[in-house]
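Worksheet: the structure to be examined is printed underneath.
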Amino acid sequence: MEKIKVRDSVGATLIHDMTQIIPGVVKGPRFRKGHVIREEDIPVLLSMGKEHIYVWDQKPGLIHENEAAERLAQAVAGSGLILDEPKEGKITLTAAYDGLLYSSEDGVLALNTLEGVILSTRHNHYPVKKDDKIAGTRVVPLMIEEKIILEAEETVKAFSSPILEVRPLKPFKVGLIITGSEVFHGRIKDKFGPVLSSKVENWGSTILDQKFANDDVAMIQSCIQDQLALGAEMILVSGGMSVDPDDVTPTAIKEMGAELVTYGAPVLPGAMFLLAYIGNVPIMGLPGCVMYAKTTAFDLIAPRILTGERLTRHDIVKLGSGGLCLECPVCTYPHCSFGK
């Protein structure tokens, strides 16, 4: 770069965007990279507090901030992400469609340890909508040594999965089993089914069938087998998840040969959550809180399964950090600390 006085800059070409700030009115680039300074631009630049500007004085081994930010964005972006145009040395990545953000925390850390490199993202497993802002990249200096960007690109290649990607939720055929003698015998109205149906449909899946079961191990197991025979790709069994003698849902699932991932999750509400698999079909035992709490362990775990991810017990226990819902009077999830 070469530094010259603004008053002597007519005909010079800017090598970076120049931001104008008018409080309460505008904050953005007044002049773009590549703009050729004209006589009428001089008073504007002076009003922006610019006595000098930088013009291009290319030296081998250096690249401009816009190119560097774009290369960083291209390196970290997996499927489901859109890159915007460079602005003031920054690139913003947005979601191409609704889904769940998968962000490699180790990858983000590895990149940000490189001198002058910045990658800022939303939390891992954040539910996103199309056009949501996902991440931003930039470099600190106006010009950066290309070898640093090459190192960043090589760093990304060391990871088996993309640093950032948005995975869409796949449409599952979901079987519901509502347990409890009070509902089975018609003593009270089923409140669990409508809640689960609404959540499942909001995630883009469909309810295949809904069955009711008494607090009986054999009956619950029979209902699960019926749902499997119908072609269920996910089975939700509500209620009967605590420690009362009549709460036999976990026993029914475990004793029919399911692969138990976890009974219990370090998430409140939702501590009595159960996840198991019969073959490739996930079965979730849902505690009563799912019926009345706006957001629970179920809302953190089910979307990940709907992306096609097969969860392990380690995945579940990691939810403990950030697993405490503050039960705000008005739920703002996912725009809160829950599940982060």
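So you can find residues: chains in the structure tokens are A, B, ... in the order shown, residues in each start at 1, and ligands are numbered from 1 in order.
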For range 24-31 of chain A: contacts at 9 Å, only C-alpha atoms, fewer than 5 positions along chain excluded, given as a compact mmCIF listing (two decimals) with N, CA and C atoms, in the first residue's frame:
# COMPACT_ATOMS: atom_id res chain seq x y z
N LEU A 14 -8.96 3.28 -5.12
CA LEU A 14 -9.04 2.74 -3.75
C LEU A 14 -8.78 1.24 -3.76
N HIS A 16 -9.58 -0.52 -0.88
CA HIS A 16 -10.47 -1.08 0.13
C HIS A 16 -11.72 -0.21 0.21
N ASP A 17 -12.79 -0.80 0.73
CA ASP A 17 -14.02 -0.04 0.96
C ASP A 17 -13.77 1.01 2.04
N MET A 18 -14.43 2.15 1.92
CA MET A 18 -14.33 3.20 2.93
C MET A 18 -15.70 3.45 3.52
N THR A 19 -15.80 3.29 4.83
CA THR A 19 -17.08 3.35 5.52
C THR A 19 -17.42 4.77 5.96
N LYS A 87 -17.68 -7.32 1.54
CA LYS A 87 -18.01 -5.95 1.91
C LYS A 87 -17.07 -5.52 3.03
N GLU A 88 -16.26 -4.52 2.74
CA GLU A 88 -15.32 -4.01 3.73
C GLU A 88 -14.44 -5.12 4.30
Could I get the residues of range 17-116 of chain A with an atom no further than 7 Å from an atom of range 160-174 of chain A, each paired with its nearest atom pair and that distance in Å to one decimal, using only C-alpha atoms, sorted by chain and residue number, as CSV?
residue,atom,partner,partner_atom,distance
A:Val76,CA,A:Ile163,CA,5.0
A:Ala77,CA,A:Leu164,CA,5.3
A:Gly78,CA,A:Glu165,CA,4.6
A:Ser79,CA,A:Glu165,CA,5.2
A:Gly80,CA,A:Val166,CA,4.7
A:Leu81,CA,A:Glu165,CA,6.5
A:Ala95,CA,A:Val166,CA,6.8
A:Asp98,CA,A:Pro168,CA,6.2
A:Gly99,CA,A:Pro168,CA,4.2
A:Leu100,CA,A:Arg167,CA,5.3
A:Leu101,CA,A:Val166,CA,4.5
A:Tyr102,CA,A:Glu165,CA,5.3
A:Ser103,CA,A:Leu164,CA,4.7
A:Ser104,CA,A:Ile163,CA,4.9
A:Gly107,CA,A:Ile163,CA,5.7
A:Val108,CA,A:Ile163,CA,6.9
Can you tell me, as a short mmCIF file (atom, residue, chain, number, x, y, z; two decimals) with C-alpha atoms, in the first residue's frame, which residues in range 150-213 of chain A count as strand (DSSP E) by DSSP?
data_model
loop_
_atom_site.label_atom_id
_atom_site.label_comp_id
_atom_site.auth_asym_id
_atom_site.auth_seq_id
_atom_site.Cartn_x
_atom_site.Cartn_y
_atom_site.Cartn_z
CA LEU A 164 -19.75 -25.42 8.54
CA GLU A 165 -22.79 -26.97 6.89
CA VAL A 166 -26.57 -26.78 7.11
CA ARG A 167 -28.24 -30.18 7.07
CA LYS A 173 -42.83 -41.33 9.01
CA VAL A 174 -43.39 -41.14 12.75
CA GLY A 175 -45.38 -43.57 14.89
CA LEU A 176 -46.89 -42.29 18.16
CA ILE A 177 -47.67 -44.47 21.17
CA ILE A 178 -49.49 -42.76 24.01
CA THR A 179 -49.21 -44.71 27.27
CA THR A 206 -45.74 -36.86 9.19
CA ILE A 207 -47.61 -38.92 11.76
CA LEU A 208 -47.94 -42.43 10.38
CA ASP A 209 -50.21 -43.77 13.11
CA GLN A 210 -51.15 -43.16 16.74
CA LYS A 211 -51.83 -45.95 19.23
CA PHE A 212 -52.80 -46.04 22.89
CA ALA A 213 -51.40 -48.47 25.44
#
message: I'd like the contact shell of His185 in chain A - 10 Å cut-off, only C-alpha atoms, skipping same-chain residues fewer than 3 positions apart - returned as a PyMOL selection string.
response: chain A and resi 180-182+188-189+212-214
message: List the spatial neighbours of range 240-242 of chain A as an MDAnalysis selection string - criterion: any atom at most 12 Å away, only C-alpha atoms, same-chain residues fewer than 4 positions off excluded.
response: chainID A and resid 177:183 213:217 220 246:253 263:264 270:275 284:290
field: Neighbour list for Glu40 in chain A as a VMD selection string, cut-off 12 Å, only C-alpha atoms, skip fewer than 3 positions in-chain
entry: chain A and resid 6 to 7 9 to 11 36 to 37 43 to 46
Residues from the last selection, C-alpha atoms, saved as a short mmCIF file (atom, residue, chain, number, x, y, z; two decimals), in the first residue's frame:
data_model
loop_
_atom_site.label_atom_id
_atom_site.label_comp_id
_atom_site.auth_asym_id
_atom_site.auth_seq_id
_atom_site.Cartn_x
_atom_site.Cartn_y
_atom_site.Cartn_z
CA VAL A 6 -6.71 12.95 0.05
CA ARG A 7 -6.26 16.40 -1.51
CA SER A 9 -5.78 11.68 -4.66
CA VAL A 10 -7.84 12.57 -7.75
CA GLY A 11 -7.41 9.73 -10.23
CA VAL A 36 -11.42 6.06 -8.87
CA ILE A 37 -11.30 9.24 -6.81
CA PRO A 43 -15.01 17.05 0.39
CA VAL A 44 -16.87 13.81 1.19
CA LEU A 45 -13.67 12.03 2.17
CA LEU A 46 -12.60 14.96 4.34
#
message: Report as a count of residues only all protein, DNA and RNA residues lying within 12 Å of Glu309 in chain A, evaluated on only C-alpha atoms, omitting residues in the same chain fewer than 2 positions from it.
response: 20
task: Would you please extract all alpha helix (DSSP H) residues from range 226-257 of chain A, as assigned by DSSP on the backbone, and give them as an MDAnalysis selection string?
output: chainID A and resid 226:230 249:254
Given the selection you just returned, output its residues as a file containing all heavy atoms, formatted as a compact mmCIF listing (two decimals), in the first residue's frame.
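Resulting contents of part.txt:
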# COMPACT_ATOMS: atom_id res chain seq x y z
N ASP A 226 -46.26 -53.05 16.06
CA ASP A 226 -47.25 -52.64 15.05
C ASP A 226 -46.76 -51.44 14.25
O ASP A 226 -46.92 -51.38 13.03
CB ASP A 226 -48.58 -52.30 15.72
CG ASP A 226 -49.31 -53.54 16.25
OD1 ASP A 226 -48.93 -54.67 15.85
OD2 ASP A 226 -50.24 -53.38 17.07
N GLN A 227 -46.16 -50.48 14.94
CA GLN A 227 -45.65 -49.29 14.25
C GLN A 227 -44.51 -49.65 13.30
O GLN A 227 -44.41 -49.12 12.18
CB GLN A 227 -45.17 -48.24 15.27
CG GLN A 227 -46.26 -47.67 16.17
CD GLN A 227 -47.18 -46.70 15.44
OE1 GLN A 227 -47.21 -46.63 14.22
NE2 GLN A 227 -47.96 -45.94 16.20
N LEU A 228 -43.65 -50.54 13.73
CA LEU A 228 -42.57 -51.00 12.85
C LEU A 228 -43.13 -51.70 11.62
O LEU A 228 -42.66 -51.50 10.49
CB LEU A 228 -41.64 -51.95 13.62
CG LEU A 228 -40.78 -51.32 14.72
CD1 LEU A 228 -40.09 -52.41 15.55
CD2 LEU A 228 -39.74 -50.38 14.13
N ALA A 229 -44.16 -52.51 11.82
CA ALA A 229 -44.77 -53.23 10.69
C ALA A 229 -45.42 -52.27 9.71
O ALA A 229 -45.48 -52.55 8.50
CB ALA A 229 -45.81 -54.22 11.22
N LEU A 230 -45.89 -51.14 10.19
CA LEU A 230 -46.50 -50.14 9.32
C LEU A 230 -45.46 -49.33 8.54
O LEU A 230 -45.81 -48.57 7.64
CB LEU A 230 -47.37 -49.18 10.15
CG LEU A 230 -48.68 -49.75 10.71
CD1 LEU A 230 -49.32 -48.76 11.67
CD2 LEU A 230 -49.65 -50.09 9.57
N THR A 249 -42.55 -47.84 30.61
CA THR A 249 -42.11 -47.59 29.23
C THR A 249 -40.64 -47.97 29.02
O THR A 249 -40.31 -48.68 28.06
CB THR A 249 -42.37 -46.13 28.83
OG1 THR A 249 -43.77 -45.88 28.86
CG2 THR A 249 -41.85 -45.85 27.43
N PRO A 250 -39.70 -47.52 29.88
CA PRO A 250 -38.30 -47.92 29.67
C PRO A 250 -38.11 -49.43 29.67
O PRO A 250 -37.35 -49.97 28.85
CB PRO A 250 -37.57 -47.26 30.85
CG PRO A 250 -38.44 -46.11 31.24
CD PRO A 250 -39.84 -46.60 31.03
N THR A 251 -38.80 -50.12 30.60
CA THR A 251 -38.68 -51.58 30.66
C THR A 251 -39.18 -52.22 29.37
O THR A 251 -38.53 -53.13 28.82
CB THR A 251 -39.50 -52.12 31.85
OG1 THR A 251 -39.00 -51.54 33.06
CG2 THR A 251 -39.40 -53.63 31.93
N ALA A 252 -40.30 -51.75 28.86
CA ALA A 252 -40.86 -52.31 27.63
C ALA A 252 -39.89 -52.15 26.47
O ALA A 252 -39.70 -53.09 25.68
CB ALA A 252 -42.20 -51.62 27.31
N ILE A 253 -39.26 -50.99 26.36
CA ILE A 253 -38.34 -50.75 25.24
C ILE A 253 -37.08 -51.58 25.38
O ILE A 253 -36.63 -52.24 24.44
CB ILE A 253 -38.01 -49.24 25.15
CG1 ILE A 253 -39.27 -48.44 24.80
CG2 ILE A 253 -36.91 -48.99 24.11
CD1 ILE A 253 -39.10 -46.93 24.86
N LYS A 254 -36.52 -51.60 26.59
CA LYS A 254 -35.27 -52.34 26.81
C LYS A 254 -35.44 -53.85 26.62
O LYS A 254 -34.57 -54.52 26.06
CB LYS A 254 -34.72 -52.03 28.20
CG LYS A 254 -34.15 -50.63 28.35
CD LYS A 254 -33.48 -50.41 29.70
CE LYS A 254 -34.48 -50.27 30.82
NZ LYS A 254 -33.84 -49.89 32.11
When you look at Cys331 in chain A with a cut-off of 9 Å (counting only C-alpha atoms), what residues show up, excluding the ones that are within fewer than 4 positions of it in the same chain? I need them as a PDB file with N, CA and C atoms, in the first residue's frame.
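Contents of around_9.pdb, freshly written:
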ATOM      1  N   LYS A 294     -42.435 -25.808  26.903  1.00  0.00           N
ATOM      2  CA  LYS A 294     -42.287 -25.354  25.517  1.00  0.00           C
ATOM      3  C   LYS A 294     -41.096 -26.024  24.834  1.00  0.00           C
ATOM      4  N   THR A 295     -39.971 -26.132  25.552  1.00  0.00           N
ATOM      5  CA  THR A 295     -38.757 -26.698  24.964  1.00  0.00           C
ATOM      6  C   THR A 295     -38.100 -27.632  25.970  1.00  0.00           C
ATOM      7  N   GLU A 327     -36.678 -21.451  31.588  1.00  0.00           N
ATOM      8  CA  GLU A 327     -38.137 -21.418  31.681  1.00  0.00           C
ATOM      9  C   GLU A 327     -38.666 -19.980  31.708  1.00  0.00           C
ATOM     10  N   HIS A 335     -33.259 -18.626  20.315  1.00  0.00           N
ATOM     11  CA  HIS A 335     -32.503 -17.399  20.566  1.00  0.00           C
ATOM     12  C   HIS A 335     -32.240 -17.220  22.065  1.00  0.00           C
ATOM     13  N   CYS A 336     -31.630 -18.240  22.650  1.00  0.00           N
ATOM     14  CA  CYS A 336     -31.335 -18.219  24.099  1.00  0.00           C
ATOM     15  C   CYS A 336     -30.175 -19.168  24.346  1.00  0.00           C
TER      16      CYS A 336
END
task: Go through A:Lys130, A:Lys147, A:Arg313, A:Lys3 and flag the residue nearest Lys50 in chain A, using only C-alpha atoms for the distances.
output: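 Using only C-alpha atoms, Lys50 in chain A sits closest to A:Lys3.
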task: Point out the residue among A:Gly49, A:Ala75, A:Val139, A:Ala96 with the least atom-to-atom distance to Ile21 in chain A, counting only C-alpha atoms.
output: A:Gly49
query: Which one is closest to Ala265 in chain A: A:Tyr277, A:Asp190, A:Leu319, A:Ala152? Count only C-alpha atoms.
result: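 That would be A:Leu319, the residue with the smallest distance to Ala265 in chain A.
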task: Pick out the closest residue to Glu153 in chain A from this set: A:Glu233, A:Glu70, A:Asp84, A:Glu2. Count only C-alpha atoms.
output: A:Glu70
query: So how many Å separate CA of Thr332 in chain A and CA of Asp132 in chain A, to one decimal?
result: 16.1 Å
